[in-house]
$ cat entry33.csv   # CSV, C-alpha atoms
chain,number,residue,atom,x,y,z
A,162,MET,CA,-10.8,-29.2,-1.3
A,163,VAL,CA,-11.4,-27.7,-4.7
A,164,ILE,CA,-7.8,-26.8,-5.6
A,165,GLU,CA,-4.4,-25.8,-4.2
A,166,TYR,CA,-3.0,-22.3,-4.9
A,167,VAL,CA,0.4,-22.9,-6.4
A,168,GLY,CA,3.3,-20.5,-7.1
A,169,GLN,CA,6.8,-19.5,-6.0
A,170,ILE,CA,7.2,-19.0,-2.2
A,171,ILE,CA,8.9,-15.6,-1.6
A,172,ARG,CA,9.5,-13.2,1.3
A,173,GLN,CA,7.7,-9.8,1.8
A,174,VAL,CA,10.7,-7.7,0.6
A,175,ILE,CA,10.9,-9.7,-2.7
A,176,ALA,CA,7.1,-9.5,-3.1
A,177,ASP,CA,7.3,-5.7,-2.9
A,178,MET,CA,10.1,-5.5,-5.5
A,179,ARG,CA,8.2,-7.9,-7.8
A,180,GLU,CA,4.9,-6.0,-7.5
A,181,GLN,CA,6.7,-2.8,-8.5
A,182,ARG,CA,8.5,-4.6,-11.4
A,183,TYR,CA,5.2,-6.1,-12.6
A,184,GLU,CA,3.7,-2.6,-12.7
A,185,GLU,CA,6.7,-1.2,-14.6
A,186,GLU,CA,6.6,-4.1,-17.1
A,187,GLY,CA,2.9,-3.4,-17.7
A,188,ILE,CA,1.7,-6.7,-16.4
A,189,GLY,CA,-2.0,-6.1,-15.8
A,190,SER,CA,-2.4,-8.3,-12.8
A,191,SER,CA,-0.1,-9.9,-10.3
A,192,TYR,CA,-1.1,-13.0,-8.3
A,193,LEU,CA,0.5,-12.5,-4.9
A,194,PHE,CA,-1.2,-14.4,-2.0
A,195,ARG,CA,-0.1,-13.7,1.5
A,196,VAL,CA,0.5,-16.9,3.6
A,197,ASP,CA,1.7,-15.2,6.8
A,198,GLN,CA,3.4,-11.9,7.9
A,199,ASP,CA,6.6,-12.8,6.0
A,200,THR,CA,5.6,-15.3,3.3
A,201,ILE,CA,3.8,-14.7,0.0
A,202,ILE,CA,3.1,-17.1,-2.9
A,203,ASP,CA,3.7,-15.5,-6.2
A,204,ALA,CA,1.7,-17.2,-8.9
A,205,THR,CA,2.0,-14.4,-11.5
A,206,LYS,CA,4.3,-16.2,-13.9
A,207,CYS,CA,4.4,-19.8,-12.6
A,208,GLY,CA,1.1,-20.7,-10.9
A,209,ASN,CA,-1.8,-23.0,-11.6
A,210,LEU,CA,-5.5,-22.3,-12.5
A,211,ALA,CA,-6.3,-21.3,-8.9
A,212,ARG,CA,-4.7,-17.9,-9.5
A,213,PHE,CA,-7.6,-17.1,-11.8
A,214,ILE,CA,-10.3,-17.6,-9.2
A,215,ASN,CA,-12.2,-14.3,-8.8
A,216,HIS,CA,-13.2,-12.5,-5.7
A,217,SER,CA,-16.8,-12.4,-4.5
A,218,CYS,CA,-18.4,-10.8,-1.5
A,219,ASN,CA,-20.8,-13.8,-1.4
A,220,PRO,CA,-18.4,-16.6,-2.4
A,221,ASN,CA,-19.0,-20.3,-2.9
A,222,CYS,CA,-15.5,-21.2,-1.6
A,223,TYR,CA,-13.0,-20.1,1.0
A,224,ALA,CA,-9.2,-20.0,1.1
A,225,LYS,CA,-7.4,-21.7,4.0
A,226,ILE,CA,-3.7,-22.0,4.9
A,227,ILE,CA,-2.7,-25.5,6.0
A,228,THR,CA,0.6,-27.1,6.9
A,229,VAL,CA,1.7,-30.3,5.2
A,230,GLU,CA,5.0,-31.8,6.2
A,231,SER,CA,6.0,-28.5,7.8
A,232,GLN,CA,5.3,-26.6,4.5
A,233,LYS,CA,2.4,-24.0,4.4
A,234,LYS,CA,0.0,-24.4,1.5
A,235,ILE,CA,-3.0,-22.4,0.4
A,236,VAL,CA,-6.0,-24.5,-0.5
A,237,ILE,CA,-9.4,-23.5,-1.8
A,238,TYR,CA,-12.4,-25.3,-0.2
A,239,SER,CA,-16.0,-25.3,-1.3
A,240,ARG,CA,-18.6,-23.9,1.0
A,241,GLN,CA,-21.4,-25.6,-0.8
A,242,PRO,CA,-22.0,-28.0,-3.8
A,243,ILE,CA,-20.7,-26.3,-7.0
A,244,ASN,CA,-22.6,-26.8,-10.2
A,245,ILE,CA,-21.1,-27.6,-13.6
A,246,ASN,CA,-20.1,-24.2,-15.2
A,247,GLU,CA,-20.6,-22.3,-12.0
A,248,GLU,CA,-17.8,-19.8,-11.4
A,249,ILE,CA,-15.6,-20.6,-8.4
A,250,THR,CA,-15.1,-17.6,-6.1
A,251,TYR,CA,-13.7,-16.7,-2.7
A,252,ASP,CA,-13.4,-13.5,-0.6
A,253,TYR,CA,-9.8,-12.1,-1.1
A,254,LYS,CA,-10.0,-10.4,2.3
A,255,PHE,CA,-7.7,-7.6,1.4
A,256,PRO,CA,-6.6,-5.4,4.3
A,257,ILE,CA,-8.6,-2.2,4.9
A,258,GLU,CA,-6.8,0.8,3.3
A,259,GLU,CA,-7.8,4.4,2.6
A,260,THR,CA,-7.5,3.9,-1.1
A,261,LYS,CA,-10.3,1.6,-2.1
A,262,ILE,CA,-10.1,-1.0,-4.8
A,263,PRO,CA,-13.6,-1.2,-6.4
A,264,CYS,CA,-15.4,-4.5,-6.2
A,265,LEU,CA,-17.2,-5.6,-9.4
A,266,CYS,CA,-18.5,-9.0,-8.2
A,267,GLY,CA,-22.1,-8.0,-8.5
A,268,ALA,CA,-23.1,-10.3,-5.6
A,269,ASP,CA,-26.0,-9.7,-3.3
A,270,GLY,CA,-24.6,-7.7,-0.4
A,271,CYS,CA,-21.5,-6.6,-2.3
A,272,ARG,CA,-19.3,-4.4,0.0
A,273,GLY,CA,-18.4,-2.2,-3.0
A,274,SER,CA,-14.6,-2.6,-2.5
A,275,LEU,CA,-12.1,-5.4,-2.2
A,276,ASN,CA,-10.5,-3.7,0.8

$ encode --input "entry33.csv" --output "structure tokens"
Amino acid sequence: MVIEYVGQIIRQVIADMREQRYEEEGIGSSYLFRVDQDTIIDATKCGNLARFINHSCNPNCYAKIITVESQKKIVIYSRQPININEEITYDYKFPIEETKIPCLCGADGCRGSLN
């Protein structure tokens, strides 16, 4: 394991309201990570360094949801040895939507969008 993704556990309805509020407040990025159909971890205002891990279409890590003492957690695992000063990345795996979010990862085989 590289790091656990930490933040406030919230429900989908609250996540939708927060995302809208963050946009209205001019917060450039929100750090909402879906755990399951109803549960999201919001690390926008109270998360750890894992919220700053960037997306890559050819990542060196992957995110996995595990259960510890009946509580779901998101952990980031390494796919390979990671060198000193090498950026840690994982595939965000956003759902496919008509409106595409451009991907700027620059990796070989980049899909061109996050979704």

$ atom_distance --input "entry33.csv" --atom1 "CA of Lys254 in chain A" --atom2 "CA of Cys271 in chain A"
13.0 Å

$ residues_near_point --input "entry33.csv" --point "(6.1, -12.7, -1.6)" --cutoff "8 Å" --atoms "only C-alpha atoms" --output "VMD selection string"
chain A and resid 170 to 177 193 to 195 199 to 203

$ closest_residue --input "entry33.csv" --among "A:Cys207, A:Ile227, A:Ile243, A:Val196" --to "Val163 in chain A" --atoms "all atoms listed in the file"
A:Ile243

$ closest_residue --input "entry33.csv" --among "A:Arg182, A:His216, A:Lys206, A:Lys233" --to "Tyr253 in chain A" --atoms "only C-alpha atoms"
A:His216

$ closest_residue --input "entry33.csv" --among "A:Glu248, A:Gln232, A:Gly187, A:Gln169" --to "Phe213 in chain A" --atoms "all atoms listed in the file"
A:Glu248

$ closest_residue --input "entry33.csv" --among "A:Pro256, A:Gly189, A:Gly168, A:Pro220" --to "Gly270 in chain A" --atoms "all atoms listed in the file"
A:Pro220

$ closest_residue --input "entry33.csv" --among "A:Ser231, A:Gln181, A:Ser190, A:Thr250" --to "Asn219 in chain A" --atoms "all atoms listed in the file"
A:Thr250

$ closest_residue --input "entry33.csv" --among "A:Thr205, A:Ser217, A:Thr228, A:Gln198" --to "Pro263 in chain A" --atoms "all atoms listed in the file"
A:Ser217

$ atom_distance --input "entry33.csv" --atom1 "CA of Asn215 in chain A" --atom2 "CA of Leu275 in chain A"
11.1 Å

$ atom_distance --input "entry33.csv" --atom1 "CA of Cys222 in chain A" --atom2 "CA of Glu258 in chain A"
24.2 Å
